[in-house]
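> Provided below: input.txt, containing compact mmCIF, C-alpha atoms and all ligand atoms.
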# COMPACT_ATOMS: atom_id res chain seq x y z
CA MET A 250 14.16 9.63 1.79
CA GLU A 251 10.53 10.68 1.46
CA ASP A 252 9.17 14.03 2.62
CA LYS A 253 5.67 13.05 1.50
CA ILE A 254 3.04 10.79 3.02
CA GLY A 255 0.80 9.91 0.09
CA ASN A 256 -0.21 13.21 -1.47
CA LEU A 257 0.64 15.17 1.66
CA LYS A 258 3.90 17.07 1.36
CA LEU A 259 5.50 17.81 4.72
CA LYS A 260 7.84 20.75 5.35
CA ASN A 261 10.28 18.64 7.38
CA ARG A 262 10.51 15.11 8.78
CA PHE A 263 9.68 15.75 12.46
CA ILE A 264 6.24 14.64 13.66
CA LEU A 265 4.45 14.87 17.01
CA ALA A 266 3.64 11.27 18.05
CA PRO A 267 0.03 10.38 18.89
CA MET A 268 -0.47 10.78 22.64
CA LEU A 269 -3.87 10.49 24.25
CA GLU A 270 -3.61 12.90 27.17
CA PRO A 271 -1.03 15.51 26.06
CA ASN A 272 -2.16 16.12 22.47
CA ASP A 273 -5.04 18.53 22.97
CA ILE A 274 -5.64 21.13 20.28
CA ALA A 275 -3.67 23.89 22.06
CA PHE A 276 -0.65 21.65 22.50
CA ARG A 277 -0.80 20.44 18.89
CA ILE A 278 -0.98 24.04 17.60
CA LEU A 279 2.02 24.99 19.71
CA CYS A 280 4.03 22.02 18.40
CA LYS A 281 3.11 23.03 14.83
CA LYS A 282 4.17 26.65 15.51
CA SER A 283 7.39 25.34 16.92
CA GLY A 284 8.03 23.47 13.67
CA ALA A 285 6.43 20.00 13.79
CA ALA A 286 5.53 19.10 10.21
CA LEU A 287 2.54 17.04 11.34
CA THR A 288 0.79 16.41 14.65
CA TYR A 289 -1.35 13.40 15.57
CA THR A 290 -4.36 13.28 17.86
CA GLY A 291 -4.45 10.62 20.55
CA MET A 292 -6.35 7.45 19.74
CA THR A 293 -10.04 8.06 19.18
CA SER A 294 -12.90 5.58 18.84
CA PRO A 295 -15.00 5.97 15.71
CA LEU A 296 -17.97 5.26 17.98
CA SER A 297 -17.11 8.19 20.22
CA LYS A 298 -19.75 10.91 20.51
CA GLN A 299 -17.34 13.37 22.13
CA LYS A 300 -16.97 16.78 20.47
CA LEU A 301 -13.69 16.85 18.58
CA GLN A 302 -11.57 19.95 18.12
CA LEU A 303 -9.86 19.63 14.75
CA GLN A 304 -9.45 23.26 13.61
CA ASP A 305 -5.69 22.64 13.28
CA LYS A 306 -6.22 19.79 10.77
CA PRO A 307 -4.26 17.11 12.63
CA ALA A 308 -3.54 13.52 11.65
CA MET A 309 -6.41 11.66 13.28
CA GLN A 310 -5.79 8.29 14.91
CA LEU A 311 -8.58 5.73 15.18
CA PHE A 312 -8.66 2.58 17.28
CA GLY A 313 -10.98 -0.36 17.77
CA ASN A 314 -11.32 -3.93 16.59
CA SER A 315 -14.21 -3.77 14.15
CA GLU A 316 -15.25 -1.77 11.12
CA LYS A 317 -18.31 -0.53 12.97
CA GLY A 318 -18.78 3.21 12.63
CA ILE A 319 -15.55 3.84 10.72
CA LYS A 320 -17.11 4.81 7.40
CA GLU A 321 -19.59 7.23 8.97
CA PHE A 322 -16.96 8.76 11.25
CA MET A 323 -14.49 9.29 8.44
CA LYS A 324 -17.14 10.83 6.22
CA LYS A 325 -18.08 13.23 9.00
CA TYR A 326 -14.53 14.41 9.71
CA ASP A 327 -12.63 13.82 6.47
CA LYS A 328 -12.35 17.51 5.51
CA LYS A 329 -11.02 18.38 8.96
CA VAL A 330 -7.99 16.10 9.09
CA SER A 331 -4.66 15.91 7.24
CA LEU A 332 -4.57 12.14 7.24
CA TRP A 333 -6.04 9.10 8.99
CA ASP A 334 -4.17 6.62 11.16
CA PHE A 335 -5.09 3.28 12.69
CA ASN A 336 -3.67 2.28 16.08
CA LEU A 337 -2.03 -1.15 16.23
CA GLY A 338 0.22 -0.39 19.17
CA CYS A 339 -1.65 0.47 22.36
CA PRO A 340 -0.37 -1.83 25.16
CA SER A 341 -2.84 -0.76 27.88
CA LYS A 342 -4.85 -3.14 30.06
CA LEU A 343 -8.03 -1.80 28.48
CA SER A 344 -6.69 -2.60 25.00
CA LYS A 345 -5.86 -6.09 26.22
CA ARG A 346 -9.39 -6.58 27.57
CA LEU A 347 -11.01 -5.24 24.40
CA CYS A 348 -8.48 -6.89 22.14
CA HIS A 349 -7.40 -3.86 20.15
CA GLY A 350 -4.17 -1.86 19.63
CA ALA A 351 -1.14 -4.13 20.11
CA PHE A 352 -3.45 -7.04 21.01
CA MET A 353 -4.94 -7.33 17.52
CA HIS A 354 -1.75 -8.57 15.91
CA ASP A 355 -3.00 -12.17 15.59
CA ASP A 356 -6.17 -11.08 13.83
CA LEU A 357 -4.90 -10.20 10.37
CA GLU A 358 -8.34 -10.64 8.87
CA THR A 359 -9.93 -7.92 10.99
CA ILE A 360 -6.95 -5.62 10.46
CA GLU A 361 -7.33 -5.98 6.71
CA LYS A 362 -11.11 -5.40 6.85
CA ILE A 363 -10.57 -2.19 8.81
CA LEU A 364 -7.84 -0.88 6.50
CA LYS A 365 -9.96 -1.68 3.47
CA ILE A 366 -12.91 0.30 4.85
CA MET A 367 -10.59 3.17 5.73
CA ARG A 368 -9.12 3.16 2.21
CA GLU A 369 -12.59 3.20 0.67
CA SER A 370 -13.68 6.08 2.91
CA THR A 371 -11.06 8.72 2.05
CA LYS A 372 -8.72 10.09 -0.58
CA LYS A 373 -6.50 11.44 2.22
CA PRO A 374 -3.35 9.55 3.18
CA ILE A 375 -3.62 6.70 5.67
CA THR A 376 -0.99 5.49 8.12
CA ILE A 377 -0.87 2.75 10.76
CA LYS A 378 1.14 2.76 13.95
CA LEU A 379 2.57 -0.62 14.86
CA ARG A 380 4.45 -2.07 17.76
CA LYS A 381 7.07 -4.80 17.52
CA SER A 382 5.53 -8.30 17.55
CA LYS A 383 5.99 -11.64 15.81
CA ASN A 384 3.38 -10.59 13.24
CA ALA A 385 4.31 -6.91 12.83
CA ILE A 386 6.20 -7.37 9.56
CA LYS A 387 3.41 -9.53 8.15
CA ILE A 388 0.89 -6.84 9.10
CA ALA A 389 3.07 -4.15 7.48
CA LYS A 390 3.16 -6.18 4.27
CA LEU A 391 -0.60 -6.59 4.11
CA ALA A 392 -1.10 -2.92 5.08
CA GLU A 393 1.02 -1.68 2.17
CA LYS A 394 -1.95 -2.28 -0.13
CA TYR A 395 -3.99 0.30 1.77
CA VAL A 396 -1.68 2.75 3.57
CA ASP A 397 0.75 5.51 2.59
CA ALA A 398 3.19 5.17 5.49
CA ILE A 399 3.81 2.95 8.50
CA GLY A 400 4.75 4.09 11.98
CA ILE A 401 6.77 1.70 14.11
CA HIS A 402 7.41 1.84 17.87
CA PRO A 403 9.71 -1.16 18.16
CA ARG A 404 8.88 -2.19 21.71
CA THR A 405 6.68 -5.19 22.49
CA PHE A 406 3.41 -4.71 24.38
CA LYS A 407 5.13 -6.37 27.35
CA GLN A 408 7.79 -3.63 27.36
CA GLY A 409 5.15 -0.90 27.38
CA TYR A 410 7.12 2.34 27.27
CA SER A 411 10.32 1.18 28.96
CA GLY A 412 13.36 -0.84 28.03
CA GLU A 413 15.26 -0.35 24.82
CA PRO A 414 13.36 0.06 21.57
CA ASP A 415 14.60 -2.56 19.09
CA LEU A 416 16.20 -0.39 16.44
CA ALA A 417 17.33 -3.42 14.45
CA PHE A 418 13.70 -4.56 14.18
CA ALA A 419 12.62 -1.13 12.89
CA LYS A 420 15.47 -1.20 10.35
CA LYS A 421 14.35 -4.63 9.17
CA LEU A 422 10.86 -3.26 8.66
CA LYS A 423 12.23 -0.27 6.76
CA LYS A 424 14.24 -2.56 4.47
CA SER A 425 11.24 -4.71 3.64
CA SER A 426 8.77 -1.86 3.18
CA LYS A 427 7.59 -0.17 -0.01
CA VAL A 428 6.01 2.76 1.86
CA PRO A 429 7.75 5.41 4.01
CA ILE A 430 8.52 4.41 7.60
CA ILE A 431 7.94 6.70 10.56
CA TYR A 432 10.14 5.76 13.53
CA SER A 433 8.94 6.24 17.14
CA GLY A 434 10.72 5.38 20.37
CA ASN A 435 12.98 7.58 22.55
CA VAL A 436 13.52 10.12 19.78
CA ASP A 437 15.36 13.14 21.19
CA GLU A 438 17.68 15.98 20.17
CA LYS A 439 20.71 13.70 20.30
CA ASN A 440 19.52 10.91 18.03
CA ALA A 441 16.86 12.45 15.73
CA LYS A 442 19.17 13.44 12.86
CA GLU A 443 20.95 10.09 12.91
CA LEU A 444 17.61 8.22 12.83
CA LEU A 445 16.56 10.28 9.81
CA LYS A 446 19.45 8.75 7.87
CA THR A 447 17.56 5.44 8.07
CA PHE A 448 13.89 6.36 8.44
CA ASP A 449 11.73 8.71 6.39
CA PHE A 450 10.21 10.47 9.42
CA VAL A 451 10.65 10.46 13.19
CA MET A 452 7.96 10.94 15.81
CA VAL A 453 8.76 12.81 18.99
CA GLY A 454 6.67 11.61 21.93
CA ARG A 455 7.56 12.04 25.59
CA GLU A 456 10.40 14.48 24.88
CA ALA A 457 7.78 16.92 23.55
CA ILE A 458 5.50 16.67 26.59
CA GLY A 459 5.76 20.02 28.38
CA ASP A 460 8.39 21.08 25.85
CA PRO A 461 6.89 21.81 22.41
CA ARG A 462 9.95 23.94 21.71
CA ILE A 463 11.85 20.74 21.03
CA PHE A 464 10.71 20.97 17.40
CA ALA A 465 12.25 24.45 17.05
CA ARG A 466 15.50 23.19 18.53
CA LEU A 467 15.53 20.19 16.20
CA LEU A 468 15.24 22.64 13.31
CA GLY A 469 17.94 24.94 14.70
CA LYS A 470 15.44 27.74 15.39
CA ASP A 471 14.96 29.86 18.46
CA LEU A 472 11.31 30.28 19.26
CA ARG A 473 9.11 30.88 22.31
CA ALA A 474 6.61 28.16 23.02
CA GLY A 475 6.14 28.24 26.77
CA PHE A 476 3.23 27.59 29.09
CA LYS A 477 1.87 31.16 28.64
CA ASP A 478 1.59 30.49 24.92
CA TYR A 479 -0.16 27.19 25.65
CA LEU A 480 -2.53 28.90 28.09
CA LYS A 481 -3.61 31.53 25.54
CA LEU A 482 -4.47 28.80 23.06
CA ALA A 483 -6.14 26.64 25.72
CA ILE A 484 -8.38 29.54 26.74
CA LYS A 485 -9.16 30.35 23.11
CA HIS A 486 -10.21 26.76 22.50
CA LYS A 487 -12.09 26.54 25.82
CA LEU A 488 -10.20 23.55 27.20
CA PHE A 489 -11.24 22.11 30.53
CA PHE A 490 -9.50 23.39 33.66
CA ARG A 491 -8.27 19.88 34.58
CA GLN A 492 -6.53 19.60 31.18
CA ILE A 493 -4.88 23.02 31.61
CA LYS A 494 -3.69 22.02 35.08
CA TYR A 495 -2.31 18.73 33.74
CA GLN A 496 -0.37 20.59 31.03
CA ALA A 497 0.88 23.18 33.55
CA MET A 498 2.41 20.26 35.50
CA ASN A 499 3.98 18.98 32.30
CA PHE A 500 5.61 22.33 31.54
CA THR A 501 7.43 22.29 34.89
CA LYS A 502 9.48 19.32 33.66
CA GLY A 503 13.19 19.91 34.12
CA ILE A 504 12.97 23.49 35.36
CA GLU A 505 14.61 24.82 38.50
CA GLY A 506 12.29 24.72 41.52
CA ALA A 507 9.89 22.34 39.76
CA LYS A 508 8.94 20.53 42.96
CA LYS A 509 7.81 23.71 44.71
CA LEU A 510 5.98 24.89 41.65
CA ARG A 511 4.11 21.60 41.32
CA LEU A 512 2.98 21.82 44.93
CA LYS A 513 1.56 25.26 44.17
CA LEU A 514 -0.13 23.94 41.05
CA ILE A 515 -1.74 21.06 42.96
CA GLY A 516 -3.61 23.62 45.04
CA ALA A 517 -4.70 25.71 42.03
CA LYS A 518 -8.48 26.07 41.87
CA ASN A 519 -8.82 28.08 38.67
CA VAL A 520 -6.89 29.32 35.63
CA ARG A 521 -5.93 32.53 37.43
CA ASP A 522 -4.25 30.52 40.22
CA ILE A 523 -2.30 28.62 37.58
CA SER A 524 -1.18 31.62 35.57
CA GLY A 525 -0.17 33.35 38.83
CA ALA A 526 1.94 30.37 39.88
CA ILE A 527 3.73 29.66 36.65
CA ASN A 528 5.73 32.15 34.64
CA LEU A 529 7.07 30.05 31.79
C1 LIG A 601 1.07 9.77 27.58
C2 LIG A 601 1.18 8.95 26.33
C3 LIG A 601 0.06 8.69 25.54
C4 LIG A 601 0.17 7.93 24.36
N1 LIG A 601 -0.93 7.75 23.58
C5 LIG A 601 -0.82 7.10 22.39
C6 LIG A 601 -1.94 7.00 21.50
O1 LIG A 601 -3.04 7.48 21.78
N2 LIG A 601 -1.72 6.35 20.32
C7 LIG A 601 -0.50 5.81 19.96
O2 LIG A 601 -0.37 5.26 18.88
N3 LIG A 601 0.56 5.90 20.79
C8 LIG A 601 0.43 6.54 21.97
N4 LIG A 601 1.54 6.69 22.77
C9 LIG A 601 2.84 6.16 22.30
C10 LIG A 601 3.65 7.24 21.60
O3 LIG A 601 3.02 7.66 20.40
C11 LIG A 601 5.08 6.76 21.28
O4 LIG A 601 5.04 5.75 20.29
C12 LIG A 601 5.82 6.21 22.50
O5 LIG A 601 5.64 7.06 23.61
C13 LIG A 601 7.33 6.06 22.20
O6 LIG A 601 7.88 7.28 21.83
P1 LIG A 601 8.69 8.24 22.85
O7 LIG A 601 9.76 7.41 23.45
O8 LIG A 601 9.18 9.36 21.94
O9 LIG A 601 7.69 8.72 23.88
C14 LIG A 601 1.43 7.41 23.96
C15 LIG A 601 2.54 7.64 24.76
C16 LIG A 601 2.45 8.40 25.92
C17 LIG A 601 3.68 8.65 26.74
Could I get this structure in the form of structure tokens?
Ligand SMILES: Cc1cc2nc3c(=O)[nH]c(=O)nc-3n(C[C@H](O)[C@H](O)[C@H](O)COP(=O)(O)O)c2cc1C

Amino acid sequence: MEDKIGNLKLKNRFILAPMLEPNDIAFRILCKKSGAALTYTGMTSPLSKQKLQLQDKPAMQLFGNSEKGIKEFMKKYDKKVSLWDFNLGCPSKLSKRLCHGAFMHDDLETIEKILKIMRESTKKPITIKLRKSKNAIKIAKLAEKYVDAIGIHPRTFKQGYSGEPDLAFAKKLKKSSKVPIIYSGNVDEKNAKELLKTFDFVMVGREAIGDPRIFARLLGKDLRAGFKDYLKLAIKHKLFFRQIKYQAMNFTKGIEGAKKLRLKLIGAKNVRDISGAINL
């Protein structure tokens, strides 16, 4: 099994999955501290003018359905990222309307154009993140020319995030692939080690939301990575109050008295209210 993606050597095979809302810089840093070998940003448009916080050198995920802006964007940020990824899995209504993410799978020509531009724009590793579809294996085959690893979330766009991920489909992809395969889909403490017998890397998604310590536990370590640690980093990196409040809600997941705590958090008007309410 590989512990490298292209020329990037990773210290273990546990990765934080790309997630648009949860993966702010403070959360990514905390997941790294907890032991994640690599963390992804959420999907980002190369045409976006928003200020990006990349001091932690994450894997940066792009999305879209044209090459427009990719070269310039990658040139601008290339030194600040560990690797580049292209999203071929988003099942949202917006992706459907704009025909990107999981809805690009019939347009192999555009996919290849985009991967080619990405390959020409960086010496850093490149990955794609695919969903299951009738064309997914074909796309993986054409992508091998340009990318250093392939992520697979083996649910169809119709399934969204529920229903069983099709493990057999991901195994078929692994068998046919020349590049390392990163598995995503319901990875947790119970199945991660078993999945790593088949796949080169696993991505932890929802299990890590509000619980970055999951990476420490997967590595058999005992480490603090609670909301207070998140808050310190969030303040340092000047994150918006609404993002901090959203993450505070996430950190109440599974704890005793969560319902009461959430009600308190709903009424929080500033960071002091939040840190007074939550002692995690
Ligand atoms: C809140 C949320 C946001 C997500 N955002 C992205 C994204 O920006 N790009 C992407 O490729 N996948 C995204 N995903 C999908 C995850 O990366 C992952 O493939 C999926 O959640 C299955 O893994 P899990 O069962 O471990 O959560 C998102 C998932 C969630 C729950």
> Return as an MDAnalysis selection string the residues of protein, DNA or RNA that approach ligand LIG 601 (chain A) to within 8 Å, with all atoms listed in the file taken into account.
chainID A and resid 266:271 290:293 310 336:339 378:379 401:402 410 433:437 452:457
> Using C-alpha atoms, can you write the selected residues to a file as an mmCIF file, in the coordinates of the input?

data_model
loop_
_atom_site.group_PDB
_atom_site.id
_atom_site.type_symbol
_atom_site.label_atom_id
_atom_site.label_comp_id
_atom_site.auth_asym_id
_atom_site.auth_seq_id
_atom_site.Cartn_x
_atom_site.Cartn_y
_atom_site.Cartn_z
ATOM 1 C CA ALA A 266 3.640 11.270 18.050
ATOM 2 C CA PRO A 267 0.030 10.380 18.890
ATOM 3 C CA MET A 268 -0.470 10.780 22.640
ATOM 4 C CA LEU A 269 -3.870 10.490 24.250
ATOM 5 C CA GLU A 270 -3.610 12.900 27.170
ATOM 6 C CA PRO A 271 -1.030 15.510 26.060
ATOM 7 C CA THR A 290 -4.360 13.280 17.860
ATOM 8 C CA GLY A 291 -4.450 10.620 20.550
ATOM 9 C CA MET A 292 -6.350 7.450 19.740
ATOM 10 C CA THR A 293 -10.040 8.060 19.180
ATOM 11 C CA GLN A 310 -5.790 8.290 14.910
ATOM 12 C CA ASN A 336 -3.670 2.280 16.080
ATOM 13 C CA LEU A 337 -2.030 -1.150 16.230
ATOM 14 C CA GLY A 338 0.220 -0.390 19.170
ATOM 15 C CA CYS A 339 -1.650 0.470 22.360
ATOM 16 C CA LYS A 378 1.140 2.760 13.950
ATOM 17 C CA LEU A 379 2.570 -0.620 14.860
ATOM 18 C CA ILE A 401 6.770 1.700 14.110
ATOM 19 C CA HIS A 402 7.410 1.840 17.870
ATOM 20 C CA TYR A 410 7.120 2.340 27.270
ATOM 21 C CA SER A 433 8.940 6.240 17.140
ATOM 22 C CA GLY A 434 10.720 5.380 20.370
ATOM 23 C CA ASN A 435 12.980 7.580 22.550
ATOM 24 C CA VAL A 436 13.520 10.120 19.780
ATOM 25 C CA ASP A 437 15.360 13.140 21.190
ATOM 26 C CA MET A 452 7.960 10.940 15.810
ATOM 27 C CA VAL A 453 8.760 12.810 18.990
ATOM 28 C CA GLY A 454 6.670 11.610 21.930
ATOM 29 C CA ARG A 455 7.560 12.040 25.590
ATOM 30 C CA GLU A 456 10.400 14.480 24.880
ATOM 31 C CA ALA A 457 7.780 16.920 23.550
#
> For a quick check of understanding, using all atoms listed in the file, which of A:Phe406, A:Tyr479, A:Phe322, A:Phe352 has the smallest distance to A:Gln299?
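Closest to A:Gln299, using all atoms listed in the file: A:Phe322.
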> Closest to A:Phe500 among A:Leu416, A:Leu422, A:Phe276, A:Gly318, using all atoms listed in the file?
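Closest to A:Phe500 of all the choices is A:Phe276.
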> Select, from A:Asp397, A:Ser283, A:Asp449, A:Arg380, the residue with the minimum atom-to-atom distance to A:Pro414, counting all atoms listed in the file.
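Ranked by minimum distance to A:Pro414, first place goes to A:Arg380.
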> Measure the distance from atom CA of A:Val520 to atom CA of A:Cys280 in Å and round it to one decimal.
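Interatomic distance here is 21.7 Å.
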> Looking at A:Gln302, A:Arg262, A:Gly255, A:Lys362, which one is nearest to A:Thr447, with distances taken over all atoms listed in the file?
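So, comparing all the options, the nearest one is A:Arg262.
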> Looking at A:Asp415, A:Asp356, A:Asp252, A:Asp305, which one is nearest to A:Lys381, with distances taken over only C-alpha atoms?
A:Asp415
> Would you give the centre and edge lengths, in Å to one decimal, of a box along x, y and z around the listed atoms of stretch 376-381 of chain A, with 8 Å added to each side, as AutoDock Vina command-line options?

--center_x 3.0 --center_y 0.3 --center_z 12.9 --size_x 24.1 --size_y 26.3 --size_z 25.6
> Near stretch 472-476 of chain A, within 9 Å and counting only C-alpha atoms, which residues show up once chain neighbours fewer than 5 positions away are dropped, as a VMD selection string?
chain A and resid 279 to 280 282 to 283 459 to 462 465 to 466 481 496 to 497 500 to 501 524 527 to 529
> Using all atoms listed in the file, which of A:Val330, A:Ala417, A:Leu467, A:Ile366 sits nearest A:Leu257?
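Checking each candidate against A:Leu257, we get A:Val330 as the closest.
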> In Å, with one decimal, what is the gap from atom CA of A:Lys365 to atom CA of A:Pro340?
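Atom CA of A:Pro340 lies at a distance of 23.7 Å from atom CA of A:Lys365.
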> Would you fill the gaps in stretch 417-438 of chain A so it has N, CA and C atoms, then print it as a PDB file, keeping the file's coordinate frame?

ATOM      1  N   ALA A 417      17.052  -2.476  15.534  1.00  0.00           N
ATOM      2  CA  ALA A 417      17.330  -3.420  14.450  1.00  0.00           C
ATOM      3  C   ALA A 417      16.022  -3.921  13.835  1.00  0.00           C
ATOM      4  N   PHE A 418      15.008  -4.105  14.685  1.00  0.00           N
ATOM      5  CA  PHE A 418      13.700  -4.560  14.180  1.00  0.00           C
ATOM      6  C   PHE A 418      13.093  -3.487  13.268  1.00  0.00           C
ATOM      7  N   ALA A 419      13.181  -2.226  13.698  1.00  0.00           N
ATOM      8  CA  ALA A 419      12.620  -1.130  12.890  1.00  0.00           C
ATOM      9  C   ALA A 419      13.373  -1.022  11.557  1.00  0.00           C
ATOM     10  N   LYS A 420      14.681  -1.253  11.591  1.00  0.00           N
ATOM     11  CA  LYS A 420      15.470  -1.200  10.350  1.00  0.00           C
ATOM     12  C   LYS A 420      15.067  -2.318   9.402  1.00  0.00           C
ATOM     13  N   LYS A 421      14.790  -3.487   9.989  1.00  0.00           N
ATOM     14  CA  LYS A 421      14.350  -4.630   9.170  1.00  0.00           C
ATOM     15  C   LYS A 421      13.024  -4.291   8.488  1.00  0.00           C
ATOM     16  N   LEU A 422      12.155  -3.657   9.227  1.00  0.00           N
ATOM     17  CA  LEU A 422      10.860  -3.260   8.660  1.00  0.00           C
ATOM     18  C   LEU A 422      11.068  -2.246   7.533  1.00  0.00           C
ATOM     19  N   LYS A 423      11.962  -1.299   7.787  1.00  0.00           N
ATOM     20  CA  LYS A 423      12.230  -0.270   6.760  1.00  0.00           C
ATOM     21  C   LYS A 423      12.746  -0.930   5.470  1.00  0.00           C
ATOM     22  N   LYS A 424      13.642  -1.887   5.644  1.00  0.00           N
ATOM     23  CA  LYS A 424      14.240  -2.560   4.470  1.00  0.00           C
ATOM     24  C   LYS A 424      13.189  -3.292   3.659  1.00  0.00           C
ATOM     25  N   SER A 425      12.208  -3.869   4.359  1.00  0.00           N
ATOM     26  CA  SER A 425      11.240  -4.710   3.640  1.00  0.00           C
ATOM     27  C   SER A 425      10.032  -3.907   3.151  1.00  0.00           C
ATOM     28  N   SER A 426      10.006  -2.606   3.441  1.00  0.00           N
ATOM     29  CA  SER A 426       8.770  -1.860   3.180  1.00  0.00           C
ATOM     30  C   SER A 426       8.819  -1.030   1.895  1.00  0.00           C
ATOM     31  N   LYS A 427       7.681  -0.991   1.200  1.00  0.00           N
ATOM     32  CA  LYS A 427       7.590  -0.170  -0.010  1.00  0.00           C
ATOM     33  C   LYS A 427       7.100   1.231   0.313  1.00  0.00           C
ATOM     34  N   VAL A 428       6.536   1.427   1.518  1.00  0.00           N
ATOM     35  CA  VAL A 428       6.010   2.760   1.860  1.00  0.00           C
ATOM     36  C   VAL A 428       6.939   3.406   2.899  1.00  0.00           C
ATOM     37  N   PRO A 429       6.881   4.748   3.032  1.00  0.00           N
ATOM     38  CA  PRO A 429       7.750   5.410   4.010  1.00  0.00           C
ATOM     39  C   PRO A 429       7.528   4.889   5.433  1.00  0.00           C
ATOM     40  N   ILE A 430       8.597   4.882   6.205  1.00  0.00           N
ATOM     41  CA  ILE A 430       8.520   4.410   7.600  1.00  0.00           C
ATOM     42  C   ILE A 430       8.755   5.581   8.556  1.00  0.00           C
ATOM     43  N   ILE A 431       7.849   5.665   9.513  1.00  0.00           N
ATOM     44  CA  ILE A 431       7.940   6.700  10.560  1.00  0.00           C
ATOM     45  C   ILE A 431       8.430   6.001  11.830  1.00  0.00           C
ATOM     46  N   TYR A 432       9.578   6.423  12.341  1.00  0.00           N
ATOM     47  CA  TYR A 432      10.140   5.760  13.530  1.00  0.00           C
ATOM     48  C   TYR A 432       9.684   6.466  14.812  1.00  0.00           C
ATOM     49  N   SER A 433       9.314   5.686  15.824  1.00  0.00           N
ATOM     50  CA  SER A 433       8.940   6.240  17.140  1.00  0.00           C
ATOM     51  C   SER A 433       9.588   5.414  18.231  1.00  0.00           C
ATOM     52  N   GLY A 434      10.127   6.101  19.233  1.00  0.00           N
ATOM     53  CA  GLY A 434      10.720   5.380  20.370  1.00  0.00           C
ATOM     54  C   GLY A 434      11.970   6.088  20.861  1.00  0.00           C
ATOM     55  N   ASN A 435      11.847   6.865  21.958  1.00  0.00           N
ATOM     56  CA  ASN A 435      12.980   7.580  22.550  1.00  0.00           C
ATOM     57  C   ASN A 435      13.644   8.576  21.592  1.00  0.00           C
ATOM     58  N   VAL A 436      12.903   9.134  20.678  1.00  0.00           N
ATOM     59  CA  VAL A 436      13.520  10.120  19.780  1.00  0.00           C
ATOM     60  C   VAL A 436      13.785  11.402  20.583  1.00  0.00           C
ATOM     61  N   ASP A 437      15.005  11.914  20.474  1.00  0.00           N
ATOM     62  CA  ASP A 437      15.360  13.140  21.190  1.00  0.00           C
ATOM     63  C   ASP A 437      16.321  13.988  20.359  1.00  0.00           C
ATOM     64  N   GLU A 438      16.808  15.080  20.951  1.00  0.00           N
ATOM     65  CA  GLU A 438      17.680  15.980  20.170  1.00  0.00           C
ATOM     66  C   GLU A 438      19.005  15.323  19.792  1.00  0.00           C
TER      67      GLU A 438
END
